[in-house]
Each structure stands twice: as structure tokens, then as C-alpha cells.
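Asks: To be precise about what I am sending: the file is called input.csv and holds CSV, C-alpha atoms.
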chain,number,residue,atom,x,y,z
A,1,MET,CA,37.4,-139.3,145.5
A,2,LYS,CA,37.7,-142.9,146.6
A,3,CYS,CA,38.9,-146.0,144.8
A,4,GLU,CA,36.0,-148.3,143.8
A,5,HIS,CA,38.0,-151.4,144.8
A,6,CYS,CA,40.0,-150.6,147.9
A,7,GLY,CA,38.4,-147.2,149.0
A,8,SER,CA,41.7,-145.3,149.2
A,9,ASN,CA,41.8,-141.5,148.4
A,10,LEU,CA,42.5,-140.7,144.8
A,11,ASP,CA,42.9,-137.5,142.8
A,12,LEU,CA,40.6,-136.8,139.9
A,13,GLU,CA,43.5,-137.0,137.5
A,14,THR,CA,44.9,-140.3,138.9
A,15,GLU,CA,44.1,-142.8,136.2
A,16,VAL,CA,45.2,-146.0,138.1
A,17,CYS,CA,44.9,-146.6,141.9
A,18,PRO,CA,48.5,-146.7,143.3
A,19,TYR,CA,47.4,-149.2,146.0
A,20,CYS,CA,45.4,-151.8,144.2
A,21,GLY,CA,46.1,-151.0,140.6
A,22,THR,CA,42.4,-150.7,139.6
A,23,VAL,CA,41.7,-148.3,136.7
A,24,ASN,CA,40.0,-145.1,137.9
A,25,ARG,CA,37.1,-144.8,135.4
A,26,GLN,CA,36.0,-141.4,136.6
A,27,ALA,CA,39.5,-140.0,136.1
A,28,SER,CA,39.6,-141.3,132.5
A,29,LYS,CA,36.3,-139.6,131.8
A,30,HIS,CA,37.6,-136.4,133.5
A,31,VAL,CA,40.8,-136.4,131.5
A,32,ALA,CA,38.8,-136.9,128.2
A,33,ASP,CA,36.4,-134.1,129.2
A,34,MET,CA,39.3,-131.8,130.0
A,35,LYS,CA,41.0,-132.5,126.7
A,36,LYS,CA,37.8,-131.8,124.8
A,37,TYR,CA,37.2,-128.6,126.8
A,38,ASN,CA,40.8,-127.5,126.1
A,39,ARG,CA,40.4,-128.1,122.4
A,40,GLN,CA,37.2,-126.0,122.3
A,41,PHE,CA,38.8,-123.3,124.4
A,42,THR,CA,41.8,-123.1,122.1
A,43,SER,CA,39.6,-123.0,119.0
A,44,THR,CA,37.4,-120.3,120.4
A,45,LYS,CA,40.3,-118.3,121.5
A,46,GLU,CA,41.9,-118.4,118.1
A,47,SER,CA,38.7,-117.5,116.5
A,48,VAL,CA,38.2,-114.5,118.8
A,49,TYR,CA,41.8,-113.4,118.4
A,50,SER,CA,41.7,-113.6,114.6
A,51,LYS,CA,38.4,-111.7,114.4
A,52,ALA,CA,39.6,-109.1,116.8
A,53,ARG,CA,42.9,-108.7,114.9
A,54,LYS,CA,40.9,-108.4,111.7
A,55,TYR,CA,38.7,-105.7,113.0
A,56,SER,CA,41.7,-104.0,114.7
A,57,ASP,CA,43.7,-104.0,111.4
A,58,VAL,CA,40.7,-102.7,109.4
A,59,SER,CA,39.8,-100.1,112.0
A,60,VAL,CA,43.4,-98.8,112.3
A,61,ARG,CA,43.8,-98.6,108.6
A,62,ALA,CA,40.4,-97.0,108.2
A,63,GLY,CA,41.4,-94.4,110.9
A,64,ILE,CA,44.7,-93.7,109.1
A,65,LEU,CA,42.9,-93.3,105.8
A,66,ALA,CA,40.4,-90.9,107.4
A,67,ILE,CA,43.2,-88.7,108.8
A,68,LEU,CA,45.0,-88.8,105.4
A,69,PHE,CA,41.8,-87.7,103.7
A,70,VAL,CA,41.5,-84.8,106.1
A,71,ILE,CA,45.1,-83.7,105.3
A,72,LEU,CA,44.4,-84.0,101.6
A,73,ALA,CA,41.2,-81.9,101.9
A,74,ILE,CA,43.2,-79.2,103.8
A,75,LEU,CA,45.9,-79.2,101.1
A,76,LEU,CA,43.3,-78.9,98.4
A,77,ILE,CA,41.6,-76.0,100.2
A,78,VAL,CA,45.0,-74.3,100.5
A,79,GLN,CA,45.6,-74.9,96.8
A,80,GLY,CA,42.2,-73.3,95.9
A,81,ASN,CA,43.1,-70.2,98.0
A,82,ILE,CA,46.8,-69.9,96.9
A,83,TYR,CA,46.2,-66.5,95.5
A,84,ARG,CA,44.7,-65.2,98.7
A,85,ILE,CA,47.3,-66.7,100.9
A,86,ARG,CA,50.1,-65.4,98.7
A,87,HIS,CA,48.5,-62.0,98.7
A,88,SER,CA,48.2,-62.0,102.5
A,89,MET,CA,51.9,-63.0,102.7
A,90,GLN,CA,52.8,-60.2,100.3
A,91,VAL,CA,50.7,-57.6,102.3
A,92,ALA,CA,52.5,-58.7,105.5
A,93,SER,CA,55.8,-58.5,103.7
A,94,ASN,CA,55.0,-55.0,102.5
A,95,SER,CA,54.1,-53.9,106.0
A,96,LEU,CA,57.5,-55.1,107.2
A,97,HIS,CA,59.4,-53.4,104.3
A,98,SER,CA,57.3,-50.3,103.9
A,99,GLU,CA,60.2,-47.9,104.3
A,100,GLU,CA,62.2,-49.6,101.4
A,101,ILE,CA,59.1,-49.7,99.3
A,102,LEU,CA,58.3,-46.1,99.9
A,103,LYS,CA,61.8,-45.1,99.0
A,104,GLN,CA,61.6,-47.0,95.7
A,105,MET,CA,58.3,-45.5,94.9
A,106,ASP,CA,59.7,-42.0,95.6
A,107,GLN,CA,62.6,-42.7,93.4
A,108,TYR,CA,60.3,-43.6,90.5
A,109,LEU,CA,58.4,-40.4,91.0
A,110,GLU,CA,61.5,-38.4,91.2
A,111,GLU,CA,62.7,-39.8,87.8
A,112,GLU,CA,59.2,-39.2,86.4
A,113,ASP,CA,59.1,-42.9,85.5
A,114,TYR,CA,55.3,-43.3,86.0
A,115,LEU,CA,55.1,-46.5,84.0
A,116,GLY,CA,57.8,-48.0,86.3
A,117,PHE,CA,56.0,-46.6,89.4
A,118,SER,CA,52.7,-48.2,88.3
A,119,GLN,CA,54.3,-51.5,87.5
A,120,TYR,CA,56.3,-51.6,90.7
A,121,CYS,CA,53.1,-51.0,92.8
A,122,GLU,CA,51.4,-53.8,90.9
A,123,GLU,CA,54.2,-56.3,91.3
A,124,LYS,CA,54.4,-55.6,95.0
A,125,GLY,CA,50.7,-55.8,95.4
A,126,ILE,CA,50.5,-52.5,97.2
A,127,ARG,CA,47.3,-52.0,99.0
A,128,PHE,CA,46.7,-48.3,99.2
A,129,TYR,CA,44.2,-48.5,102.1
A,130,GLU,CA,47.1,-49.3,104.4
A,131,ASP,CA,48.3,-46.3,106.3
A,132,ALA,CA,51.8,-46.4,105.0
A,133,PHE,CA,50.7,-46.1,101.4
A,134,GLU,CA,47.4,-44.3,101.3
A,135,GLY,CA,49.0,-41.0,100.5
A,136,TYR,CA,50.0,-42.4,97.1
A,137,ASN,CA,46.6,-43.7,96.1
A,138,ARG,CA,45.6,-40.9,93.9
A,139,THR,CA,49.0,-40.7,92.3
A,140,HIS,CA,48.8,-44.4,91.6
A,141,ASN,CA,45.4,-44.1,90.0
A,142,ALA,CA,46.6,-41.3,87.8
A,143,ALA,CA,49.8,-43.3,86.9
A,144,SER,CA,47.6,-46.3,85.9
A,145,CYS,CA,45.6,-44.1,83.6
A,146,TYR,CA,48.8,-42.6,82.3
A,147,GLY,CA,50.0,-46.1,81.5
A,148,TYR,CA,46.8,-47.0,79.6
A,149,VAL,CA,47.1,-43.8,77.5
A,150,TYR,CA,50.7,-44.6,76.7
A,151,ALA,CA,49.9,-48.2,75.7
A,152,GLN,CA,47.1,-47.2,73.4
A,153,LEU,CA,49.1,-44.4,71.8
A,154,MET,CA,51.9,-46.9,71.1
A,155,LYS,CA,49.5,-49.4,69.6
A,156,ILE,CA,48.1,-46.7,67.3
A,157,CYS,CA,51.5,-45.3,66.3
A,158,PHE,CA,53.8,-48.3,66.4
A,159,SER,CA,51.7,-51.4,65.9
A,160,LYS,CA,52.6,-52.9,62.5
A,161,GLU,CA,49.5,-55.1,62.2
A,162,THR,CA,46.9,-52.5,63.0
A,163,GLU,CA,44.2,-52.2,60.3
A,164,ASN,CA,41.8,-49.4,59.8
A,165,ARG,CA,39.1,-51.1,61.8
A,166,ASP,CA,41.5,-51.6,64.7
A,167,ILE,CA,42.8,-48.1,64.6
A,168,THR,CA,39.2,-46.7,65.0
A,169,ARG,CA,38.7,-48.9,68.1
A,170,ASN,CA,42.1,-48.0,69.5
A,171,ILE,CA,41.4,-44.4,69.1
A,172,ALA,CA,38.1,-44.8,70.9
A,173,PHE,CA,40.0,-46.5,73.8
A,174,LEU,CA,42.6,-43.8,73.8
A,175,GLY,CA,39.8,-41.2,74.1
A,176,ASP,CA,38.4,-43.1,77.0
A,177,TYR,CA,41.7,-43.5,78.8
A,178,LEU,CA,42.5,-39.8,78.3
A,179,GLY,CA,39.2,-38.9,79.7
A,180,ASP,CA,39.8,-41.1,82.7
A,181,PHE,CA,43.2,-39.6,83.2
A,182,TYR,CA,41.8,-36.0,83.3
A,183,GLN,CA,39.1,-37.1,85.6
A,184,CYS,CA,41.8,-38.2,88.1
A,185,GLY,CA,42.8,-34.6,88.5
A,186,LYS,CA,39.4,-33.1,88.7
A,187,ARG,CA,38.4,-34.9,91.9
A,188,GLU,CA,38.8,-33.0,95.1
A,189,LYS,CA,41.0,-33.9,98.0
A,190,ASP,CA,40.0,-37.3,99.5
A,191,TYR,CA,39.2,-37.2,103.2
A,192,TYR,CA,42.1,-39.5,104.2
A,193,MET,CA,44.7,-37.5,102.4
A,194,SER,CA,46.9,-35.0,104.2
A,195,ASP,CA,47.5,-31.6,102.7
A,196,ASP,CA,51.1,-32.7,101.9
A,197,ASP,CA,49.9,-35.9,100.2
A,198,TYR,CA,47.4,-33.9,98.1
A,199,GLU,CA,50.1,-31.3,97.1
A,200,GLN,CA,52.4,-34.2,96.1
A,201,PHE,CA,49.6,-35.7,94.0
A,202,LEU,CA,48.9,-32.5,92.3
A,203,THR,CA,52.6,-32.1,91.5
A,204,GLU,CA,52.9,-35.6,90.0
A,205,TYR,CA,49.6,-35.3,88.2
A,206,GLY,CA,50.9,-32.0,86.6
A,207,LYS,CA,54.0,-33.7,85.4
A,208,MET,CA,52.1,-36.6,84.0
A,209,LYS,CA,49.9,-34.1,82.2
A,210,GLU,CA,52.9,-32.5,80.7
A,211,HIS,CA,54.2,-35.9,79.4
A,212,ILE,CA,50.8,-36.6,77.8
A,213,THR,CA,50.7,-33.1,76.3
A,214,ALA,CA,54.1,-33.8,74.7
A,215,TRP,CA,52.9,-37.1,73.3
A,216,MET,CA,49.8,-35.5,71.8
A,217,MET,CA,52.0,-32.9,70.2
A,218,ALA,CA,54.5,-35.3,68.9
A,219,TYR,CA,52.4,-38.2,67.8
A,220,CYS,CA,48.9,-36.8,67.2
A,221,ASN,CA,49.9,-33.7,65.4
A,222,MET,CA,48.3,-31.3,68.0
A,223,THR,CA,49.4,-27.9,69.0
A,224,ARG,CA,50.0,-27.2,72.6
A,225,GLU,CA,46.7,-25.4,73.0
A,226,GLU,CA,44.8,-28.3,71.4
A,227,ALA,CA,46.6,-30.9,73.6
A,228,GLU,CA,46.0,-28.9,76.8
A,229,GLY,CA,42.4,-28.3,75.8
A,230,LEU,CA,41.7,-32.1,75.8
A,231,GLU,CA,41.3,-31.8,79.6
A,232,ASN,CA,38.1,-29.8,79.2
A,233,MET,CA,36.5,-32.2,76.7
A,234,SER,CA,34.3,-35.1,77.3
A,235,ASN,CA,35.5,-38.6,76.4
A,236,ALA,CA,33.4,-38.7,73.3
A,237,ARG,CA,34.6,-35.3,72.2
A,238,ILE,CA,38.2,-36.3,72.8
A,239,THR,CA,37.6,-39.4,70.7
A,240,VAL,CA,36.1,-37.5,67.8
A,241,PHE,CA,39.0,-34.9,68.0
A,242,LEU,CA,41.6,-37.7,67.9
A,243,GLU,CA,39.9,-39.3,64.9
A,244,ASP,CA,40.1,-36.1,63.1
A,245,LYS,CA,43.8,-35.5,64.0
A,246,LEU,CA,44.9,-39.1,63.3
A,247,ASP,CA,42.9,-39.3,60.1
A,248,ALA,CA,44.5,-36.1,59.0
A,249,ASP,CA,47.9,-37.7,59.6
A,250,SER,CA,47.1,-40.8,57.6
B,1,MET,CA,37.7,-123.7,108.1
B,2,GLN,CA,36.1,-121.0,110.1
B,3,ILE,CA,39.6,-119.6,110.7
B,4,ARG,CA,40.5,-119.9,107.1
B,5,LYS,CA,37.4,-118.0,106.1
B,6,VAL,CA,38.1,-115.2,108.6
B,7,MET,CA,41.8,-114.9,107.6
B,8,GLY,CA,40.8,-114.7,103.9
B,9,GLU,CA,38.3,-111.8,104.5
B,10,LYS,CA,40.9,-110.0,106.5
B,11,ARG,CA,43.5,-110.1,103.8
B,12,LEU,CA,41.2,-108.6,101.1
B,13,SER,CA,39.8,-105.7,103.1
B,14,VAL,CA,43.2,-104.9,104.6
B,15,GLN,CA,44.8,-105.0,101.2
B,16,ILE,CA,42.2,-102.7,99.7
B,17,LEU,CA,42.8,-100.3,102.6
B,18,ASN,CA,46.5,-100.5,102.1
B,19,ILE,CA,46.2,-99.6,98.5
B,20,ALA,CA,43.9,-96.7,99.3
B,21,ILE,CA,46.4,-95.4,101.9
B,22,VAL,CA,49.2,-95.5,99.4
B,23,LEU,CA,47.2,-93.6,96.8
B,24,VAL,CA,46.1,-91.0,99.2
B,25,CYS,CA,49.7,-90.5,100.4
B,26,VAL,CA,50.8,-90.0,96.8
B,27,ALA,CA,48.0,-87.5,96.3
B,28,ILE,CA,49.0,-85.6,99.4
B,29,VAL,CA,52.6,-85.4,98.3
B,30,VAL,CA,51.7,-84.1,94.9
B,31,THR,CA,49.3,-81.6,96.3
B,32,ALA,CA,51.7,-80.4,98.9
B,33,LEU,CA,54.5,-79.9,96.4
B,34,SER,CA,52.0,-78.0,94.2
B,35,ASP,CA,51.1,-75.8,97.1
B,36,ILE,CA,54.7,-75.1,98.0
B,37,VAL,CA,55.5,-74.3,94.4
B,38,GLY,CA,52.5,-72.0,94.2
B,39,LEU,CA,53.4,-70.2,97.4
B,40,ILE,CA,57.1,-69.7,96.7
B,41,TRP,CA,57.6,-69.7,93.0
B,42,HIS,CA,54.9,-67.3,92.0
B,43,ASP,CA,54.4,-64.6,89.4
B,44,ASP,CA,56.3,-66.5,86.9
B,45,ASN,CA,56.3,-63.6,84.5
B,46,ARG,CA,59.3,-64.8,82.6
B,47,VAL,CA,59.5,-64.0,79.0
B,48,LYS,CA,61.4,-66.4,76.7
B,49,LYS,CA,64.1,-65.0,74.5
B,50,ASP,CA,62.3,-66.2,71.4
B,51,ARG,CA,59.5,-63.8,72.0
B,52,PHE,CA,61.9,-60.9,72.1
B,53,VAL,CA,63.4,-62.1,68.8
B,54,TRP,CA,60.0,-62.4,67.2
B,55,ALA,CA,59.0,-58.9,68.4
B,56,LEU,CA,62.2,-57.5,66.7
B,57,GLU,CA,61.5,-59.4,63.5
B,58,ASP,CA,58.0,-57.9,63.4
B,59,GLU,CA,59.5,-54.5,64.3
B,60,ASN,CA,57.0,-54.4,67.1
B,61,TYR,CA,59.1,-52.2,69.4
B,62,TYR,CA,56.3,-51.3,71.8
B,63,GLN,CA,55.8,-55.0,72.5
B,64,LEU,CA,59.5,-55.3,73.0
B,65,GLU,CA,59.4,-52.6,75.6
B,66,THR,CA,56.4,-54.1,77.3
B,67,MET,CA,58.0,-57.5,77.5
B,68,ALA,CA,61.3,-56.1,78.7
B,69,ARG,CA,59.4,-54.2,81.5
B,70,ALA,CA,57.4,-57.2,82.5
B,71,ASP,CA,60.1,-59.9,82.4
B,72,THR,CA,60.9,-60.8,86.0
B,73,GLU,CA,63.7,-63.2,85.1
B,74,ARG,CA,66.2,-60.4,84.2
B,75,SER,CA,68.7,-62.9,82.8
B,76,ARG,CA,72.0,-61.8,81.3
B,77,ASP,CA,71.3,-63.3,77.9
B,78,LYS,CA,68.3,-61.1,77.4
B,79,SER,CA,70.0,-57.9,78.7
B,80,GLU,CA,70.4,-56.5,75.3
B,81,TYR,CA,66.7,-56.8,74.7
B,82,TYR,CA,65.9,-55.1,78.0
B,83,ALA,CA,68.2,-52.3,76.9
B,84,LEU,CA,66.5,-52.1,73.5
B,85,GLY,CA,63.1,-51.9,75.2
B,86,GLU,CA,64.3,-49.1,77.4
B,87,TYR,CA,66.0,-47.4,74.4
B,88,PHE,CA,62.7,-47.5,72.5
B,89,HIS,CA,60.8,-45.9,75.4
B,90,GLU,CA,63.3,-43.2,75.9
B,91,ALA,CA,63.4,-42.5,72.2
B,92,VAL,CA,59.7,-42.0,72.2
B,93,MET,CA,59.9,-39.7,75.2
B,94,TYR,CA,62.8,-37.8,73.7
B,95,GLN,CA,61.0,-37.2,70.5
B,96,ALA,CA,57.9,-36.1,72.4
B,97,PHE,CA,59.7,-33.6,74.7
B,98,LEU,CA,61.7,-32.3,71.7
B,99,THR,CA,58.5,-31.6,69.8
B,100,ALA,CA,57.0,-30.0,72.9
B,101,GLY,CA,60.0,-27.8,73.4
B,102,ASP,CA,60.7,-29.2,76.8
B,103,GLU,CA,64.5,-29.1,76.7
B,104,GLU,CA,65.2,-30.3,80.2
B,105,ARG,CA,63.1,-33.4,79.9
B,106,ALA,CA,64.4,-34.1,76.4
B,107,GLU,CA,68.0,-33.9,77.7
B,108,ALA,CA,67.1,-36.3,80.5
B,109,ALA,CA,65.5,-38.8,78.0
B,110,LEU,CA,68.6,-38.5,75.7
B,111,GLN,CA,70.8,-39.3,78.6
B,112,ARG,CA,68.8,-42.4,79.5
B,113,MET,CA,68.9,-43.4,75.8
B,114,GLN,CA,72.7,-43.2,76.0
B,115,GLU,CA,72.8,-45.3,79.1
B,116,ALA,CA,70.7,-47.9,77.5
B,117,GLU,CA,72.9,-47.8,74.4
B,118,GLN,CA,75.9,-49.0,76.4
B,119,GLU,CA,74.1,-52.4,76.9
B,120,ILE,CA,73.5,-52.8,73.2
B,121,ASP,CA,76.4,-54.5,71.4
B,122,ASN,CA,75.1,-56.9,68.8
B,123,LEU,CA,71.8,-55.2,68.0
B,124,GLU,CA,73.1,-51.9,66.7
B,125,VAL,CA,71.1,-52.2,63.6
B,126,ILE,CA,67.9,-52.5,65.5
B,127,LYS,CA,68.8,-49.4,67.5
B,128,VAL,CA,69.2,-47.5,64.3
B,129,LYS,CA,65.8,-48.8,63.1
B,130,ILE,CA,64.2,-47.7,66.3
B,131,GLN,CA,65.6,-44.2,66.0
B,132,GLU,CA,64.4,-43.9,62.4
B,133,ARG,CA,60.9,-45.3,63.3
B,134,VAL,CA,60.4,-43.0,66.3
B,135,SER,CA,61.7,-40.0,64.5
B,136,ARG,CA,59.5,-40.7,61.4
B,137,THR,CA,56.4,-41.3,63.5
B,138,GLY,CA,57.0,-38.2,65.6
B,139,LYS,CA,57.4,-36.0,62.6
B,140,GLU,CA,54.3,-37.4,60.9
Let me see the file written as C-alpha cells.

Replies:
Amino acid sequence: MKCEHCGSNLDLETEVCPYCGTVNRQASKHVADMKKYNRQFTSTKESVYSKARKYSDVSVRAGILAILFVILAILLIVQGNIYRIRHSMQVASNSLHSEEILKQMDQYLEEEDYLGFSQYCEEKGIRFYEDAFEGYNRTHNAASCYGYVYAQLMKICFSKETENRDITRNIAFLGDYLGDFYQCGKREKDYYMSDDDYEQFLTEYGKMKEHITAWMMAYCNMTREEAEGLENMSNARITVFLEDKLDADS
Amino acid sequence: MQIRKVMGEKRLSVQILNIAIVLVCVAIVVTALSDIVGLIWHDDNRVKKDRFVWALEDENYYQLETMARADTERSRDKSEYYALGEYFHEAVMYQAFLTAGDEERAEAALQRMQEAEQEIDNLEVIKVKIQERVSRTGKE
């Protein structure tokens, strides 16, 4: 631009002409305009930054919160399925240690400790559909029934608080459990069992039967023939027979 | 003023989110600990000693046997009660086999009774009571 007074070349930002000293009115206006534009620019910039920061802070935190909720949901699902997860872990552990477990199971059977055998299988969570253990399935079923018979007999004979009403109910339970036990031996060989496994089952079942016969003779005042004859009775008939025998005692 | 308004809103919403994050983190820690305990420390089938004492006071020897068998803790201060539970069971089996005339099994049960006896120091009186009770019930 040119000076109004002397016509010399001036910059837009030169406020006074260096040659004649005249005030450059256009430059003053320009500087004022620039100051105003700078102020507006700074204000807008701060406003934009603060809003962006706000949304950035909120969105980051919201994202973190969403991820944490997902983690919490997963943990709650795990908690709801703790039993299944633990069971799966136990099954996996059983597969890894099957030899030791089988050895322990055989030891219980050798000692004729069928209560211990049954409890051990339950504690270990043995799944008898697994190849390693399927041969013991029938033996375990019989041992479980054996355990129920023992428990009921003990309740009847050694429970201090049993009243007459409870004795009748317990005798009925004993009759059912005895019937269930004898049924274990009447079923034929399962398809998945080898001949050896079935032979072993029959051997163990026979031993359990001898134990139960001894119990009936000692604690239910039966003769050997009566005790052995229970096998051929129905559950209801066993119950009636037991009521007669135990009533005769009391 | 516009900036002040914007800054104020930011503080409140961010603070609310901060508090929510802290609460969810606490919930996660608690749930995770619970999961770990549930996975590792399971089957807490521990029987307190008091229950053994009560069973003996009630002369409920079968319950004593059941608890002794089920107790997974197997602590030394309860070893005598485990032995008594085992003693009771073997006494029951011994009486039964004796009545049935099964000498071999009766002998084995008697041997196990004697093994269990070795653990019983302070509860001799209870042992004698068990013997009498089993013998009486068997003969009846």
C-alpha cells in the first residue's frame, strides 16, 4: 500500500510512515481487526478444545466402564457355573491320575471296605462312563445300595432318639434299600462290561451280600436262611418281614 | 462463561464415571476372589470338634462314625474321634460276623478294632461303652 501523504510504499502493519511521519489509518484498522480476530480465534479454540477434552474424558471412561462390566459379567457367569467347572477339572484330574485311583479303589475292594469304596468314588467324582472306570460301575452301584442299607440299619439299631413312628419309617426305607441292593445282582451283564469286569462284580456283590446277611442275623434276629431268603422277596414283603422281626425284638 | 459452563459439566459426568469405575473394580475383585476360593477351596467337608463331642454325649455312635468318615480336614486334634468312629464300625462288623459264624471276617474286624484302639488314649470310657452297646444290640 502507499502513504496517503507522500505516496511511499508501506506495509499493512506499519502504523506511521517512516518518510513523512503521517499516521497510516489503514494499518491501525488492520491491526485492530487482527487483534479482534485473534481474540475470537483463541476463544473458539479453547471452547473446541475443552468440549473435545470433555467428550474424550467421558468416552474414555465410558469405554473403560463397559470393559469392566464385561469382565464382571464373565466372572459372575463363572461363579454361577463353579460346580460344573470344578467337576470338569476333577474329571480331567481323574483321567490323569486314573492308575492311582484304580489302585486305591482295588485296595478298598480287597479290604472289603465297601463304605470306604463308595465314599472314595464320590469324593473323587468318578464318572463311570469313562473307559478307565466303567468296569467298576456295577460294583459302585451295589456298594452305594450297601451303604444305604448299613445307614438305615444303624439308624434303627443305634439311634437314641428314634421313636416308634420313626422306626416304622426307617424299617420301610431299609426294606426298599435291601430290595434295591438285591436288584443290583439280578441284572444281567451290561453290554460295555468285559467278562472279567462282570466276574469281578459278581465276586464283590457276593461279598457284600455276605456282609448284609451277617447284619441281618446279628441285628434283625434272623436265621441264615431267613436272611438269605430276603433276596427272593419283593421290597414290600421285605419291609413286612423286617417289621415282624424288629417288632419281635422290641 | 461458556467455558466455565462446559468445564462444570465435564467435572460432574466424569466424576460420576470415576465413582462407577471404582465400584465396578471393587465388585470385580470380590467376585474374582470368590471364584478363586470356590475353585480351589472346595468340598469344605470339615467337621468341627464340637460336633464329635456332642455325638458322644448323645451316645450317637453311628453319627460319630459318619462324621469321622466324611471329615476331610483330618486334623490331629480329632484323631481320637476318627479312631472311635472306626472302632464303632469295626465293632459292628465284628459282632455281625461273629453271629454269622464267619470267623475269618470276624478276625479281620477284630484286628482293625485293635488298630483303631491304639489311637484312643483319652476316650477309653467311650470305647468300653461302644463295646457294650454293640454287643447288647447284637445279642438282642

Asks: Give the answer as one residue: which of A:Ser95, A:Thr203, A:Thr168, A:Ser59 has the shortest atom-to-atom distance to A:Arg138, using all atoms listed in the file?

Replies: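 Ranked by minimum distance to A:Arg138, first place goes to A:Thr203.
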
Asks: Find the residues in chain A near chain B: any atom within 6 Å counts, using only C-alpha atoms. Write them as a PyMOL selection string.

Replies: chain A and resi 54+58+65+72+79+86+214-215+218-219

Asks: Next, dump the selected residues to file, keeping only C-alpha atoms, as a JSON list (two decimals), in the coordinates of the input.

Replies:
[["chain", "number", "residue", "atom", "x", "y", "z"],
["A", 54, "LYS", "CA", 40.90, -108.40, 111.70],
["A", 58, "VAL", "CA", 40.70, -102.70, 109.40],
["A", 65, "LEU", "CA", 42.90, -93.30, 105.80],
["A", 72, "LEU", "CA", 44.40, -84.00, 101.60],
["A", 79, "GLN", "CA", 45.60, -74.90, 96.80],
["A", 86, "ARG", "CA", 50.10, -65.40, 98.70],
["A", 214, "ALA", "CA", 54.10, -33.80, 74.70],
["A", 215, "TRP", "CA", 52.90, -37.10, 73.30],
["A", 218, "ALA", "CA", 54.50, -35.30, 68.90],
["A", 219, "TYR", "CA", 52.40, -38.20, 67.80]]

Asks: I need the residue nearest B:Val128 from this list: B:Ala91, B:Ala68, B:Ile19, B:Ala109. Use only C-alpha atoms for the distance.

Replies: B:Ala91

Asks: Excluding A:Glu199 and residues on its chain fewer than 6 positions from it, collect all residues at most 10 Å away from it, counting all atoms listed in the file, and give them as number ranges by chain.

Replies: A: 189, 193, 205

Asks: Work out how far atom CA of A:Tyr192 is from atom CA of A:Asp131, in Å to one decimal.

Replies: 9.4 Å

Asks: Using only C-alpha atoms, can you tell me which of A:Ala92, A:Cys17, A:Leu12, A:Cys121 comes closest to A:His30?

Replies: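 Ranking A:Ala92, A:Cys17, A:Leu12, A:Cys121 by distance to A:His30, first place goes to A:Leu12.
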
Asks: Separation of atom CA of A:Val48 and atom CA of A:Ala66, in Å?

Replies: 26.3 Å

Asks: Skip A:Ser93 itself and residues of its chain fewer than 6 positions away, then list as a VMD selection string all residues within 12 Å of it, counting only C-alpha atoms.

Replies: chain A and resid 86 to 87 99 to 101 124 to 127

Asks: Quick check, in Å to one decimal: how far apart do atom CA of A:Leu68 and atom CA of A:Lys51 lie?

Replies: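 Taking atom CA of A:Leu68 as the start and atom CA of A:Lys51 as the end point, the length is 25.5 Å.
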
Asks: Could you pull the residues within 9 Å of stretch 237-246 of chain A, counting all atoms listed in the file, minus those fewer than 2 positions along the same chain, as a PyMOL selection string?

Replies: chain A and resi 168+171-176+178-179+219-222+230-231+233-235+248-250

Asks: Neighbouring residues of A:Gln152 were defined as those with any atom within 9 Å, considering all atoms listed in the file; residues of the same chain fewer than 3 positions away were excluded. Please report them as a count of residues only.

Replies: 11

Asks: Counting only C-alpha atoms, which residues come within 7 Å of (41.8, -140.3, 135.2), with the point read in the file's coordinates, and could you list them as a count of residues only?

Replies: 12

Asks: For A:Glu188, please output as a JSON list (two decimals) with C-alpha atoms, in the frame of the given file all residues within 12 Å (counting all atoms listed in the file; exclusion window: fewer than 2 positions along the same chain).

Replies:
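Writing done, so here's around.json:
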[["chain", "number", "residue", "atom", "x", "y", "z"],
["A", 138, "ARG", "CA", 45.60, -40.90, 93.90],
["A", 183, "GLN", "CA", 39.10, -37.10, 85.60],
["A", 184, "CYS", "CA", 41.80, -38.20, 88.10],
["A", 185, "GLY", "CA", 42.80, -34.60, 88.50],
["A", 186, "LYS", "CA", 39.40, -33.10, 88.70],
["A", 190, "ASP", "CA", 40.00, -37.30, 99.50],
["A", 191, "TYR", "CA", 39.20, -37.20, 103.20],
["A", 192, "TYR", "CA", 42.10, -39.50, 104.20],
["A", 193, "MET", "CA", 44.70, -37.50, 102.40],
["A", 195, "ASP", "CA", 47.50, -31.60, 102.70],
["A", 198, "TYR", "CA", 47.40, -33.90, 98.10],
["A", 199, "GLU", "CA", 50.10, -31.30, 97.10],
["A", 201, "PHE", "CA", 49.60, -35.70, 94.00],
["A", 202, "LEU", "CA", 48.90, -32.50, 92.30]]
